[in-house]
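Okay, input12.pdb is below, PDB, C-alpha atoms:
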ATOM      1  CA  ASP P   1     -13.409  -0.332   3.594  1.00  0.00           C
ATOM      2  CA  THR P   2     -11.015  -2.331   1.411  1.00  0.00           C
ATOM      3  CA  GLU P   3      -8.938   0.624   0.343  1.00  0.00           C
ATOM      4  CA  VAL P   4      -5.234   1.290   0.503  1.00  0.00           C
ATOM      5  CA  THR P   5      -4.485   4.956  -0.047  1.00  0.00           C
ATOM      6  CA  GLN P   6      -1.153   6.165  -1.369  1.00  0.00           C
ATOM      7  CA  THR P   7       0.061   9.733  -1.632  1.00  0.00           C
ATOM      8  CA  PRO P   8       1.216  11.410  -3.722  1.00  0.00           C
ATOM      9  CA  LYS P   9       0.048   9.854  -6.984  1.00  0.00           C
ATOM     10  CA  HIS P  10       2.918  11.430  -8.915  1.00  0.00           C
ATOM     11  CA  LEU P  11       6.287  12.701  -7.711  1.00  0.00           C
ATOM     12  CA  VAL P  12       9.202  14.273  -9.548  1.00  0.00           C
ATOM     13  CA  MET P  13      12.350  14.730  -7.513  1.00  0.00           C
ATOM     14  CA  GLY P  14      15.950  15.669  -8.057  1.00  0.00           C
ATOM     15  CA  MET P  15      18.808  13.424  -7.108  1.00  0.00           C
ATOM     16  CA  THR P  16      19.666  15.587  -4.096  1.00  0.00           C
ATOM     17  CA  ASN P  17      16.112  15.855  -2.772  1.00  0.00           C
ATOM     18  CA  LYS P  18      14.556  14.115   0.213  1.00  0.00           C
ATOM     19  CA  LYS P  19      10.943  13.048  -0.151  1.00  0.00           C
ATOM     20  CA  SER P  20       8.531  10.568   1.409  1.00  0.00           C
ATOM     21  CA  LEU P  21       5.833   8.297   0.052  1.00  0.00           C
ATOM     22  CA  LYS P  22       2.860   7.584   2.278  1.00  0.00           C
ATOM     23  CA  CYS P  23       0.464   4.679   2.545  1.00  0.00           C
ATOM     24  CA  GLU P  24      -2.579   4.172   4.752  1.00  0.00           C
ATOM     25  CA  GLN P  25      -5.003   1.308   5.323  1.00  0.00           C
ATOM     26  CA  HIS P  26      -7.882   0.849   7.749  1.00  0.00           C
ATOM     27  CA  MET P  27      -8.625  -2.821   7.236  1.00  0.00           C
ATOM     28  CA  GLY P  28      -6.862  -3.945  10.396  1.00  0.00           C
ATOM     29  CA  HIS P  29      -4.202  -5.703   8.351  1.00  0.00           C
ATOM     30  CA  ARG P  30      -0.979  -6.411  10.233  1.00  0.00           C
ATOM     31  CA  ALA P  31       1.293  -6.955   7.226  1.00  0.00           C
ATOM     32  CA  MET P  32       2.263  -4.067   4.964  1.00  0.00           C
ATOM     33  CA  TYR P  33       4.490  -4.062   1.912  1.00  0.00           C
ATOM     34  CA  TRP P  34       6.413  -1.827  -0.440  1.00  0.00           C
ATOM     35  CA  TYR P  35       6.896  -2.962  -4.024  1.00  0.00           C
ATOM     36  CA  LYS P  36       8.733  -1.333  -6.915  1.00  0.00           C
ATOM     37  CA  GLN P  37       7.371  -1.876 -10.409  1.00  0.00           C
ATOM     38  CA  LYS P  38       9.079  -0.969 -13.660  1.00  0.00           C
ATOM     39  CA  ALA P  39       7.099  -0.738 -16.883  1.00  0.00           C
ATOM     40  CA  LYS P  40       5.906  -4.113 -18.216  1.00  0.00           C
ATOM     41  CA  LYS P  41       7.530  -5.938 -15.288  1.00  0.00           C
ATOM     42  CA  PRO P  42       6.048  -7.619 -12.214  1.00  0.00           C
ATOM     43  CA  PRO P  43       6.060  -5.896  -8.820  1.00  0.00           C
ATOM     44  CA  GLU P  44       9.380  -6.446  -7.095  1.00  0.00           C
ATOM     45  CA  LEU P  45       9.202  -6.808  -3.318  1.00  0.00           C
ATOM     46  CA  MET P  46      11.223  -4.274  -1.328  1.00  0.00           C
ATOM     47  CA  PHE P  47      10.086  -4.440   2.305  1.00  0.00           C
ATOM     48  CA  VAL P  48       7.587  -6.279   4.484  1.00  0.00           C
ATOM     49  CA  TYR P  49       6.380  -5.041   7.848  1.00  0.00           C
ATOM     50  CA  SER P  50       4.693  -7.487  10.180  1.00  0.00           C
ATOM     51  CA  TYR P  51       3.002  -6.146  13.308  1.00  0.00           C
ATOM     52  CA  GLU P  52       4.822  -2.833  12.780  1.00  0.00           C
ATOM     53  CA  LYS P  53       8.250  -4.461  12.702  1.00  0.00           C
ATOM     54  CA  LEU P  54      10.407  -4.778   9.610  1.00  0.00           C
ATOM     55  CA  SER P  55      10.406  -8.492   8.834  1.00  0.00           C
ATOM     56  CA  ILE P  56      11.822  -8.590   5.311  1.00  0.00           C
ATOM     57  CA  ASN P  57      14.245  -6.278   3.514  1.00  0.00           C
ATOM     58  CA  GLU P  58      15.035  -7.591   0.047  1.00  0.00           C
ATOM     59  CA  SER P  59      18.537  -6.084   0.011  1.00  0.00           C
ATOM     60  CA  VAL P  60      17.199  -2.667  -0.884  1.00  0.00           C
ATOM     61  CA  PRO P  61      19.776   0.191  -1.083  1.00  0.00           C
ATOM     62  CA  SER P  62      19.878   2.427   1.978  1.00  0.00           C
ATOM     63  CA  ARG P  63      18.673   5.420  -0.031  1.00  0.00           C
ATOM     64  CA  PHE P  64      15.238   3.846   0.523  1.00  0.00           C
ATOM     65  CA  SER P  65      14.228   3.923   4.188  1.00  0.00           C
ATOM     66  CA  PRO P  66      10.906   2.433   5.298  1.00  0.00           C
ATOM     67  CA  GLU P  67       9.015   3.395   8.413  1.00  0.00           C
ATOM     68  CA  CYS P  68       5.875   2.041  10.039  1.00  0.00           C
ATOM     69  CA  PRO P  69       4.643   4.614  12.606  1.00  0.00           C
ATOM     70  CA  ASN P  70       1.576   2.537  13.500  1.00  0.00           C
ATOM     71  CA  SER P  71      -0.472  -0.381  12.248  1.00  0.00           C
ATOM     72  CA  SER P  72      -2.316   1.764   9.685  1.00  0.00           C
ATOM     73  CA  LEU P  73       0.530   3.775   8.206  1.00  0.00           C
ATOM     74  CA  LEU P  74       3.564   2.959   6.137  1.00  0.00           C
ATOM     75  CA  ASN P  75       6.101   5.456   4.816  1.00  0.00           C
ATOM     76  CA  LEU P  76       8.970   5.180   2.397  1.00  0.00           C
ATOM     77  CA  HIS P  77      11.626   7.863   2.810  1.00  0.00           C
ATOM     78  CA  LEU P  78      13.679   8.644  -0.260  1.00  0.00           C
ATOM     79  CA  HIS P  79      17.093  10.312  -0.324  1.00  0.00           C
ATOM     80  CA  ALA P  80      19.796  10.696  -2.972  1.00  0.00           C
ATOM     81  CA  LEU P  81      17.951   8.598  -5.518  1.00  0.00           C
ATOM     82  CA  GLN P  82      19.238   7.753  -8.968  1.00  0.00           C
ATOM     83  CA  PRO P  83      17.383   8.068 -12.291  1.00  0.00           C
ATOM     84  CA  GLU P  84      17.126   4.265 -12.448  1.00  0.00           C
ATOM     85  CA  ASP P  85      14.974   4.406  -9.309  1.00  0.00           C
ATOM     86  CA  SER P  86      12.198   5.949 -11.389  1.00  0.00           C
ATOM     87  CA  ALA P  87       9.286   3.512 -11.208  1.00  0.00           C
ATOM     88  CA  LEU P  88       5.801   2.899  -9.875  1.00  0.00           C
ATOM     89  CA  TYR P  89       5.931   2.312  -6.109  1.00  0.00           C
ATOM     90  CA  LEU P  90       3.107   0.185  -4.798  1.00  0.00           C
ATOM     91  CA  CYS P  91       1.983  -0.213  -1.215  1.00  0.00           C
ATOM     92  CA  ALA P  92      -0.075  -3.203  -0.132  1.00  0.00           C
ATOM     93  CA  SER P  93      -1.488  -4.737   3.023  1.00  0.00           C
ATOM     94  CA  SER P  94      -2.722  -8.172   4.009  1.00  0.00           C
ATOM     95  CA  GLN P  95      -3.725 -10.334   6.909  1.00  0.00           C
ATOM     96  CA  GLU P  96      -1.416 -12.899   8.390  1.00  0.00           C
ATOM     97  CA  SER P  97      -2.866 -16.304   9.128  1.00  0.00           C
ATOM     98  CA  GLY P  98      -1.265 -19.476  10.344  1.00  0.00           C
ATOM     99  CA  ARG P  99      -1.188 -20.583   6.723  1.00  0.00           C
ATOM    100  CA  GLY P 100       0.662 -17.598   5.287  1.00  0.00           C
ATOM    101  CA  HIS P 101      -0.117 -14.087   4.189  1.00  0.00           C
ATOM    102  CA  THR P 102      -3.596 -13.791   2.731  1.00  0.00           C
ATOM    103  CA  GLU P 103      -4.384 -11.739  -0.361  1.00  0.00           C
ATOM    104  CA  ALA P 104      -2.826  -8.304  -0.531  1.00  0.00           C
ATOM    105  CA  PHE P 105      -4.848  -5.191  -1.235  1.00  0.00           C
ATOM    106  CA  PHE P 106      -2.919  -2.659  -3.268  1.00  0.00           C
ATOM    107  CA  GLY P 107      -2.925   1.085  -3.479  1.00  0.00           C
ATOM    108  CA  GLN P 108      -2.927   2.863  -6.825  1.00  0.00           C
ATOM    109  CA  GLY P 109       0.770   3.555  -6.537  1.00  0.00           C
ATOM    110  CA  THR P 110       3.061   6.562  -6.701  1.00  0.00           C
ATOM    111  CA  ARG P 111       4.645   7.229 -10.078  1.00  0.00           C
ATOM    112  CA  LEU P 112       8.144   8.432  -9.179  1.00  0.00           C
ATOM    113  CA  THR P 113      10.438  10.196 -11.614  1.00  0.00           C
ATOM    114  CA  VAL P 114      13.999  11.019 -10.568  1.00  0.00           C
ATOM    115  CA  VAL P 115      15.631  13.778 -12.619  1.00  0.00           C
TER     116      VAL P 115
ATOM    117  CA  ALA W   1      13.671 -20.143  -2.305  1.00  0.00           C
ATOM    118  CA  GLN W   2      10.220 -19.467  -3.656  1.00  0.00           C
ATOM    119  CA  THR W   3       9.589 -18.995  -7.348  1.00  0.00           C
ATOM    120  CA  VAL W   4       6.626 -18.342  -9.615  1.00  0.00           C
ATOM    121  CA  THR W   5       6.859 -19.051 -13.339  1.00  0.00           C
ATOM    122  CA  GLN W   6       4.469 -17.868 -16.020  1.00  0.00           C
ATOM    123  CA  SER W   7       5.527 -19.219 -19.391  1.00  0.00           C
ATOM    124  CA  GLN W   8       3.106 -17.269 -21.608  1.00  0.00           C
ATOM    125  CA  PRO W   9       4.294 -13.660 -22.008  1.00  0.00           C
ATOM    126  CA  GLU W  10       1.342 -12.677 -24.195  1.00  0.00           C
ATOM    127  CA  MET W  11      -1.966 -14.143 -25.375  1.00  0.00           C
ATOM    128  CA  SER W  12      -4.857 -12.986 -27.533  1.00  0.00           C
ATOM    129  CA  VAL W  13      -8.359 -14.447 -27.738  1.00  0.00           C
ATOM    130  CA  GLN W  14     -11.655 -13.423 -29.270  1.00  0.00           C
ATOM    131  CA  GLU W  15     -14.349 -11.998 -27.069  1.00  0.00           C
ATOM    132  CA  ALA W  16     -16.627 -14.694 -25.561  1.00  0.00           C
ATOM    133  CA  GLU W  17     -13.978 -17.409 -25.898  1.00  0.00           C
ATOM    134  CA  THR W  18     -12.395 -19.294 -23.021  1.00  0.00           C
ATOM    135  CA  VAL W  19      -8.720 -18.795 -22.231  1.00  0.00           C
ATOM    136  CA  THR W  20      -6.358 -20.517 -19.799  1.00  0.00           C
ATOM    137  CA  LEU W  21      -3.280 -18.873 -18.300  1.00  0.00           C
ATOM    138  CA  SER W  22      -0.552 -21.124 -16.928  1.00  0.00           C
ATOM    139  CA  CYS W  23       1.469 -20.819 -13.740  1.00  0.00           C
ATOM    140  CA  THR W  24       3.875 -23.088 -11.926  1.00  0.00           C
ATOM    141  CA  TYR W  25       5.496 -22.393  -8.609  1.00  0.00           C
ATOM    142  CA  ASP W  26       7.946 -23.759  -6.130  1.00  0.00           C
ATOM    143  CA  THR W  27       8.055 -23.481  -2.365  1.00  0.00           C
ATOM    144  CA  SER W  28       9.258 -25.642   0.464  1.00  0.00           C
ATOM    145  CA  GLU W  29       6.468 -24.388   2.727  1.00  0.00           C
ATOM    146  CA  SER W  30       3.482 -26.596   3.431  1.00  0.00           C
ATOM    147  CA  ASN W  31       1.145 -23.695   4.150  1.00  0.00           C
ATOM    148  CA  TYR W  32       0.677 -20.980   1.578  1.00  0.00           C
ATOM    149  CA  TYR W  33      -1.790 -19.153  -0.613  1.00  0.00           C
ATOM    150  CA  LEU W  34      -1.873 -18.710  -4.362  1.00  0.00           C
ATOM    151  CA  PHE W  35      -3.420 -15.777  -6.180  1.00  0.00           C
ATOM    152  CA  TRP W  36      -4.155 -14.400  -9.583  1.00  0.00           C
ATOM    153  CA  TYR W  37      -4.014 -10.630  -9.888  1.00  0.00           C
ATOM    154  CA  LYS W  38      -5.073  -8.436 -12.783  1.00  0.00           C
ATOM    155  CA  GLN W  39      -3.404  -5.122 -13.613  1.00  0.00           C
ATOM    156  CA  PRO W  40      -5.136  -3.067 -16.304  1.00  0.00           C
ATOM    157  CA  PRO W  41      -3.383  -0.106 -17.933  1.00  0.00           C
ATOM    158  CA  SER W  42      -4.869   2.048 -15.175  1.00  0.00           C
ATOM    159  CA  ARG W  43      -2.196   0.290 -12.992  1.00  0.00           C
ATOM    160  CA  GLN W  44      -4.422  -0.687 -10.026  1.00  0.00           C
ATOM    161  CA  MET W  45      -3.550  -4.246  -8.992  1.00  0.00           C
ATOM    162  CA  ILE W  46      -6.802  -6.153  -8.512  1.00  0.00           C
ATOM    163  CA  LEU W  47      -7.244  -9.570  -6.939  1.00  0.00           C
ATOM    164  CA  VAL W  48      -9.007 -11.971  -9.304  1.00  0.00           C
ATOM    165  CA  ILE W  49      -9.052 -15.179  -7.280  1.00  0.00           C
ATOM    166  CA  ARG W  50      -7.273 -16.897  -4.412  1.00  0.00           C
ATOM    167  CA  GLN W  51      -6.591 -20.509  -3.476  1.00  0.00           C
ATOM    168  CA  GLU W  52      -5.577 -21.850  -0.088  1.00  0.00           C
ATOM    169  CA  ALA W  53      -3.054 -24.624  -0.523  1.00  0.00           C
ATOM    170  CA  TYR W  54      -4.620 -26.863   2.106  1.00  0.00           C
ATOM    171  CA  LYS W  55      -7.945 -26.875   0.240  1.00  0.00           C
ATOM    172  CA  GLN W  56      -8.297 -29.451  -2.508  1.00  0.00           C
ATOM    173  CA  GLN W  57     -11.346 -27.830  -4.061  1.00  0.00           C
ATOM    174  CA  ASN W  58     -10.534 -25.449  -6.901  1.00  0.00           C
ATOM    175  CA  ALA W  59     -11.568 -21.837  -6.315  1.00  0.00           C
ATOM    176  CA  THR W  60     -14.199 -20.209  -8.532  1.00  0.00           C
ATOM    177  CA  GLU W  61     -15.263 -16.568  -8.852  1.00  0.00           C
ATOM    178  CA  ASN W  62     -17.975 -16.054 -11.470  1.00  0.00           C
ATOM    179  CA  ARG W  63     -16.238 -16.444 -14.874  1.00  0.00           C
ATOM    180  CA  PHE W  64     -12.854 -17.123 -13.280  1.00  0.00           C
ATOM    181  CA  SER W  65     -11.748 -20.514 -12.031  1.00  0.00           C
ATOM    182  CA  VAL W  66      -8.465 -22.197 -11.218  1.00  0.00           C
ATOM    183  CA  ASN W  67      -7.017 -25.641 -11.735  1.00  0.00           C
ATOM    184  CA  PHE W  68      -4.841 -26.228  -8.681  1.00  0.00           C
ATOM    185  CA  GLN W  69      -2.585 -29.266  -8.868  1.00  0.00           C
ATOM    186  CA  LYS W  70      -0.619 -29.238  -5.616  1.00  0.00           C
ATOM    187  CA  ALA W  71       1.626 -32.208  -6.336  1.00  0.00           C
ATOM    188  CA  ALA W  72       2.585 -30.762  -9.705  1.00  0.00           C
ATOM    189  CA  LYS W  73       2.837 -27.229  -8.220  1.00  0.00           C
ATOM    190  CA  SER W  74       0.627 -25.932 -10.964  1.00  0.00           C
ATOM    191  CA  PHE W  75      -1.995 -23.186 -10.673  1.00  0.00           C
ATOM    192  CA  SER W  76      -3.715 -22.196 -13.930  1.00  0.00           C
ATOM    193  CA  LEU W  77      -6.449 -19.599 -14.402  1.00  0.00           C
ATOM    194  CA  LYS W  78      -9.399 -20.166 -16.706  1.00  0.00           C
ATOM    195  CA  ILE W  79     -11.436 -17.219 -17.919  1.00  0.00           C
ATOM    196  CA  SER W  80     -14.780 -18.204 -19.436  1.00  0.00           C
ATOM    197  CA  ASP W  81     -16.872 -16.009 -21.756  1.00  0.00           C
ATOM    198  CA  SER W  82     -14.023 -13.499 -21.973  1.00  0.00           C
ATOM    199  CA  GLN W  83     -14.935  -9.813 -22.134  1.00  0.00           C
ATOM    200  CA  LEU W  84     -13.142  -6.758 -23.497  1.00  0.00           C
ATOM    201  CA  GLY W  85     -12.691  -5.554 -19.921  1.00  0.00           C
ATOM    202  CA  ASP W  86     -10.572  -8.621 -19.184  1.00  0.00           C
ATOM    203  CA  THR W  87      -7.756  -7.112 -21.247  1.00  0.00           C
ATOM    204  CA  ALA W  88      -4.907  -6.651 -18.761  1.00  0.00           C
ATOM    205  CA  MET W  89      -1.660  -8.022 -17.413  1.00  0.00           C
ATOM    206  CA  TYR W  90      -2.301 -11.086 -15.255  1.00  0.00           C
ATOM    207  CA  PHE W  91       0.102 -12.045 -12.491  1.00  0.00           C
ATOM    208  CA  CYS W  92       0.245 -15.318 -10.638  1.00  0.00           C
ATOM    209  CA  ALA W  93       1.420 -14.869  -7.033  1.00  0.00           C
ATOM    210  CA  LEU W  94       2.530 -17.080  -4.141  1.00  0.00           C
ATOM    211  CA  SER W  95       2.343 -16.261  -0.467  1.00  0.00           C
ATOM    212  CA  PRO W  96       3.911 -18.093   2.418  1.00  0.00           C
ATOM    213  CA  ASP W  97       5.610 -15.305   4.420  1.00  0.00           C
ATOM    214  CA  LYS W  98       5.655 -12.749   1.613  1.00  0.00           C
ATOM    215  CA  ILE W  99       3.815 -12.291  -1.655  1.00  0.00           C
ATOM    216  CA  ILE W 100       5.931 -12.799  -4.777  1.00  0.00           C
ATOM    217  CA  PHE W 101       4.831 -12.539  -8.378  1.00  0.00           C
ATOM    218  CA  GLY W 102       5.477 -14.271 -11.660  1.00  0.00           C
ATOM    219  CA  LYS W 103       6.555 -12.245 -14.693  1.00  0.00           C
ATOM    220  CA  GLY W 104       2.987 -11.909 -15.917  1.00  0.00           C
ATOM    221  CA  THR W 105       0.924 -12.732 -18.987  1.00  0.00           C
ATOM    222  CA  ARG W 106      -0.391  -9.880 -21.111  1.00  0.00           C
ATOM    223  CA  LEU W 107      -3.897 -10.854 -22.209  1.00  0.00           C
ATOM    224  CA  HIS W 108      -5.659  -9.154 -25.119  1.00  0.00           C
ATOM    225  CA  ILE W 109      -9.380  -9.761 -25.660  1.00  0.00           C
ATOM    226  CA  LEU W 110     -10.213  -8.995 -29.277  1.00  0.00           C
ATOM    227  CA  PRO W 111     -13.638  -7.703 -30.383  1.00  0.00           C
TER     228      PRO W 111
END

For this file, produce the structure as structure tokens.
Amino acid sequence: DTEVTQTPKHLVMGMTNKKSLKCEQHMGHRAMYWYKQKAKKPPELMFVYSYEKLSINESVPSRFSPECPNSSLLNLHLHALQPEDSALYLCASSQESGRGHTEAFFGQGTRLTVV
Amino acid sequence: AQTVTQSQPEMSVQEAETVTLSCTYDTSESNYYLFWYKQPPSRQMILVIRQEAYKQQNATENRFSVNFQKAAKSFSLKISDSQLGDTAMYFCALSPDKIIFGKGTRLHILP
């Protein structure tokens, strides 16, 4: 199974709402990532979890709150977002080797629209 | 700091031709991986090929091959016998402790 599953596929939320994005993988990968991707732009790294601990936060605003409940699950909690936060949110996972992070497997993404 | 640079924003080639996409990178790490990813309009990010920096031999996957020049920090992708299904955005990516992407090259395969 080389699949990363993200839910929901589409989400529309108001600026005062609280919502969560979910990601699941069963490949035994110990690194998990959240990326934000705007149209016609590359994925922009937000967070990296390594062995269920937050290892990298790329100065993401606190209205985005990641959580890794276990080695298979990754959540992204959203609160008080702005319209400019509308984007495709991608989850990915990879192995960690002594030579770096191996290739990441990506989910299909959640298309988020903030109104 | 780690950077990935793709200098070709857009390219078009005829079906069955060979095309090369360029990528340069910078990292101070001695151990890392390099990747090429493909993202069709359907938005799923798909791994095309990977290269381990400690291996001198260039990676090959069917019609896809790379030219890895470690000293020059260059990592180009060659697509042979291009097909209409190769039309997509192609991202070069670098991975020491995190995976970062170049800006991408939009590739159009023309019938």

Problem - Matched chain/residue IDs from the ChimeraX specification (/P :<6) & /W, as a list of chain:residue names - result: W:Asn31, W:Tyr32, W:Gln44, W:Met45, W:Ser95, W:Pro96, W:Asp97, W:Lys103

Exercise for the section: Work out how far apart CA of Glu52 in chain W and CA of Phe35 in chain W are and give it in Å to one decimal. Expected result: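 A separation of 8.9 Å between them.
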
Handout entry: Explicit residues for the PyMOL selection byres ((chain W and resi 8) around 10) (as a ChimeraX atom specification)
Key = /W:5-7,9-11,21-23,103-107

Handout entry: Selected residue of minimal separation from Lys38 in chain P among P:Thr113, P:Ser86, P:Gln6, P:Ser93, counting all atoms listed in the file
Key =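 Between P:Thr113, P:Ser86, P:Gln6, P:Ser93, the residue approaching Lys38 in chain P most closely is P:Ser86.
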
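Interatomic distance, CA of Phe75 in chain W to CA of Ala93 in chain W: 9.7 Å.
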
Exercise for the section: Determine, counting only C-alpha atoms, which protein, DNA and RNA residues have an atom within 10 Å of an atom of Leu78 in chain P; residues of the same chain fewer than 4 positions away are not included. Present the result as a list of chain:residue names. Expected result: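 Once the adjacent positions are removed, what remains is P:Met13, P:Met15, P:Thr16, P:Asn17, P:Lys18, P:Lys19, P:Ser20, P:Leu21, P:Ser62, P:Arg63, P:Phe64, P:Ser65, P:Pro66.
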
Handout entry: Pairwise distance for CA of Cys92 in chain W and CA of Gln69 in chain W, rounded to one decimal in Å
Key =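 Distance between the two atoms: 14.3 Å.
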
When you look at Phe91 in chain W with a cut-off of 6 Å (counting only C-alpha atoms), what residues show up, excluding the ones that are within fewer than 6 positions of it in the same chain? I need them as an mmCIF file with C-alpha atoms, in the frame of the given file.
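Ended up saving to part16.cif:
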data_model
loop_
_atom_site.group_PDB
_atom_site.id
_atom_site.type_symbol
_atom_site.label_atom_id
_atom_site.label_comp_id
_atom_site.auth_asym_id
_atom_site.auth_seq_id
_atom_site.Cartn_x
_atom_site.Cartn_y
_atom_site.Cartn_z
ATOM 1 C CA TRP W 36 -4.155 -14.400 -9.583
ATOM 2 C CA TYR W 37 -4.014 -10.630 -9.888
ATOM 3 C CA GLY W 102 5.477 -14.271 -11.660
ATOM 4 C CA GLY W 104 2.987 -11.909 -15.917
#

Exercise for the section: Quick one: everything within 9 Å of Val13 in chain W, counting all atoms listed in the file, minus sequence neighbours fewer than 4 positions away in the same chain. Send it as a list in words. Expected result: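 That gives Glu17, Thr18, Val19, Ser82, Leu107, His108, Ile109, Leu110 and Pro111 of chain W.
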
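Closest to Glu67 in chain P among P:Lys9, P:Arg30, P:Lys36, P:Lys22 is P:Lys22, based on only C-alpha atoms.
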
Practice task
Take the PyMOL selection byres ((chain P and resi 82) around 8), apply it to the structure above, and return the hits as a ChimeraX atom specification.
Solution key: /P:15,80-81,83-86,114-115

Selection from above, C-alpha atoms, as a tab-separated table (two decimals), in the frame of the given file, can you write it?
chain	number	residue	atom	x	y	z
P	15	MET	CA	18.81	13.42	-7.11
P	80	ALA	CA	19.80	10.70	-2.97
P	81	LEU	CA	17.95	8.60	-5.52
P	83	PRO	CA	17.38	8.07	-12.29
P	84	GLU	CA	17.13	4.26	-12.45
P	85	ASP	CA	14.97	4.41	-9.31
P	86	SER	CA	12.20	5.95	-11.39
P	114	VAL	CA	14.00	11.02	-10.57
P	115	VAL	CA	15.63	13.78	-12.62

Kindly compute an axis-aligned box around the listed atoms of range 47-53 of chain P, allowing 8 Å on each side, and express its centre and edge lengths in Å to one decimal as lines of an AutoDock Vina configuration file.
center_x = 6.5
center_y = -5.2
center_z = 7.8
size_x = 23.1
size_y = 20.7
size_z = 27.0

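Among the candidate residues P:Leu73, P:Glu24, P:Thr7, P:Ala39, the one lying nearest to Arg43 in chain W is P:Ala39, with distances computed using all atoms listed in the file.
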
Fill in the blank from the handout: Restricting to only C-alpha atoms, whichever of P:Arg111, P:Lys53, P:Asn75, P:Cys91 is closest to Thr5 in chain P is P:Cys91

Problem - Pick from W:Leu34, W:Pro40, W:Ala1, W:Ser65 nearest to Leu84 in chain W, counting all atoms listed in the file - result: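 Closest to Leu84 in chain W, using all atoms listed in the file: W:Pro40.
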
Exercise for the section: Pick out the residues sitting within 8 Å of Lys38 in chain W, and hand them over as a PyMOL selection string; count only C-alpha atoms, and ignore anything fewer than 4 positions along from it in its own chain. Expected result: chain W and resi 45-48+88-91

Please extract range 94-99 of chain P and write it out with all heavy atoms, as a PDB file, in the first residue's frame.
ATOM      1  N   SER P  94       7.345  10.051   4.213  1.00  0.00           N
ATOM      2  CA  SER P  94       8.555   9.452   3.651  1.00  0.00           C
ATOM      3  C   SER P  94       9.302   8.694   4.739  1.00  0.00           C
ATOM      4  O   SER P  94       9.017   8.824   5.932  1.00  0.00           O
ATOM      5  CB  SER P  94       9.466  10.519   3.042  1.00  0.00           C
ATOM      6  OG  SER P  94      10.094  11.291   4.039  1.00  0.00           O
ATOM      7  N   GLN P  95      10.259   7.913   4.296  1.00  0.00           N
ATOM      8  CA  GLN P  95      11.168   7.265   5.223  1.00  0.00           C
ATOM      9  C   GLN P  95      12.288   8.226   5.579  1.00  0.00           C
ATOM     10  O   GLN P  95      12.580   9.160   4.829  1.00  0.00           O
ATOM     11  CB  GLN P  95      11.800   6.026   4.566  1.00  0.00           C
ATOM     12  CG  GLN P  95      10.847   4.900   4.274  1.00  0.00           C
ATOM     13  CD  GLN P  95      10.517   4.082   5.498  1.00  0.00           C
ATOM     14  OE1 GLN P  95      10.666   4.536   6.630  1.00  0.00           O
ATOM     15  NE2 GLN P  95      10.061   2.863   5.292  1.00  0.00           N
ATOM     16  N   GLU P  96      12.917   7.967   6.698  1.00  0.00           N
ATOM     17  CA  GLU P  96      14.145   8.679   7.026  1.00  0.00           C
ATOM     18  C   GLU P  96      15.275   7.666   7.006  1.00  0.00           C
ATOM     19  O   GLU P  96      15.164   6.603   7.603  1.00  0.00           O
ATOM     20  CB  GLU P  96      14.053   9.317   8.404  1.00  0.00           C
ATOM     21  CG  GLU P  96      13.046  10.436   8.482  1.00  0.00           C
ATOM     22  CD  GLU P  96      13.132  11.184   9.786  1.00  0.00           C
ATOM     23  OE1 GLU P  96      14.254  11.435  10.255  1.00  0.00           O
ATOM     24  OE2 GLU P  96      12.080  11.517  10.350  1.00  0.00           O
ATOM     25  N   SER P  97      16.327   8.006   6.269  1.00  0.00           N
ATOM     26  CA  SER P  97      17.509   7.144   6.269  1.00  0.00           C
ATOM     27  C   SER P  97      18.678   7.970   6.795  1.00  0.00           C
ATOM     28  O   SER P  97      18.530   9.169   7.032  1.00  0.00           O
ATOM     29  CB  SER P  97      17.794   6.654   4.847  1.00  0.00           C
ATOM     30  OG  SER P  97      18.362   7.694   4.089  1.00  0.00           O
ATOM     31  N   GLY P  98      19.802   7.328   6.937  1.00  0.00           N
ATOM     32  CA  GLY P  98      20.971   8.072   7.386  1.00  0.00           C
ATOM     33  C   GLY P  98      21.454   9.079   6.357  1.00  0.00           C
ATOM     34  O   GLY P  98      22.284   9.928   6.662  1.00  0.00           O
ATOM     35  N   ARG P  99      20.887   8.997   5.158  1.00  0.00           N
ATOM     36  CA  ARG P  99      21.337   9.868   4.071  1.00  0.00           C
ATOM     37  C   ARG P  99      20.298  10.937   3.731  1.00  0.00           C
ATOM     38  O   ARG P  99      20.393  11.578   2.700  1.00  0.00           O
ATOM     39  CB  ARG P  99      21.666   9.022   2.838  1.00  0.00           C
ATOM     40  CG  ARG P  99      22.800   8.043   3.071  1.00  0.00           C
ATOM     41  CD  ARG P  99      23.201   7.320   1.794  1.00  0.00           C
ATOM     42  NE  ARG P  99      24.327   6.438   2.032  1.00  0.00           N
ATOM     43  CZ  ARG P  99      24.201   5.139   2.293  1.00  0.00           C
ATOM     44  NH1 ARG P  99      23.021   4.587   2.339  1.00  0.00           N
ATOM     45  NH2 ARG P  99      25.277   4.395   2.502  1.00  0.00           N
TER      46      ARG P  99
END
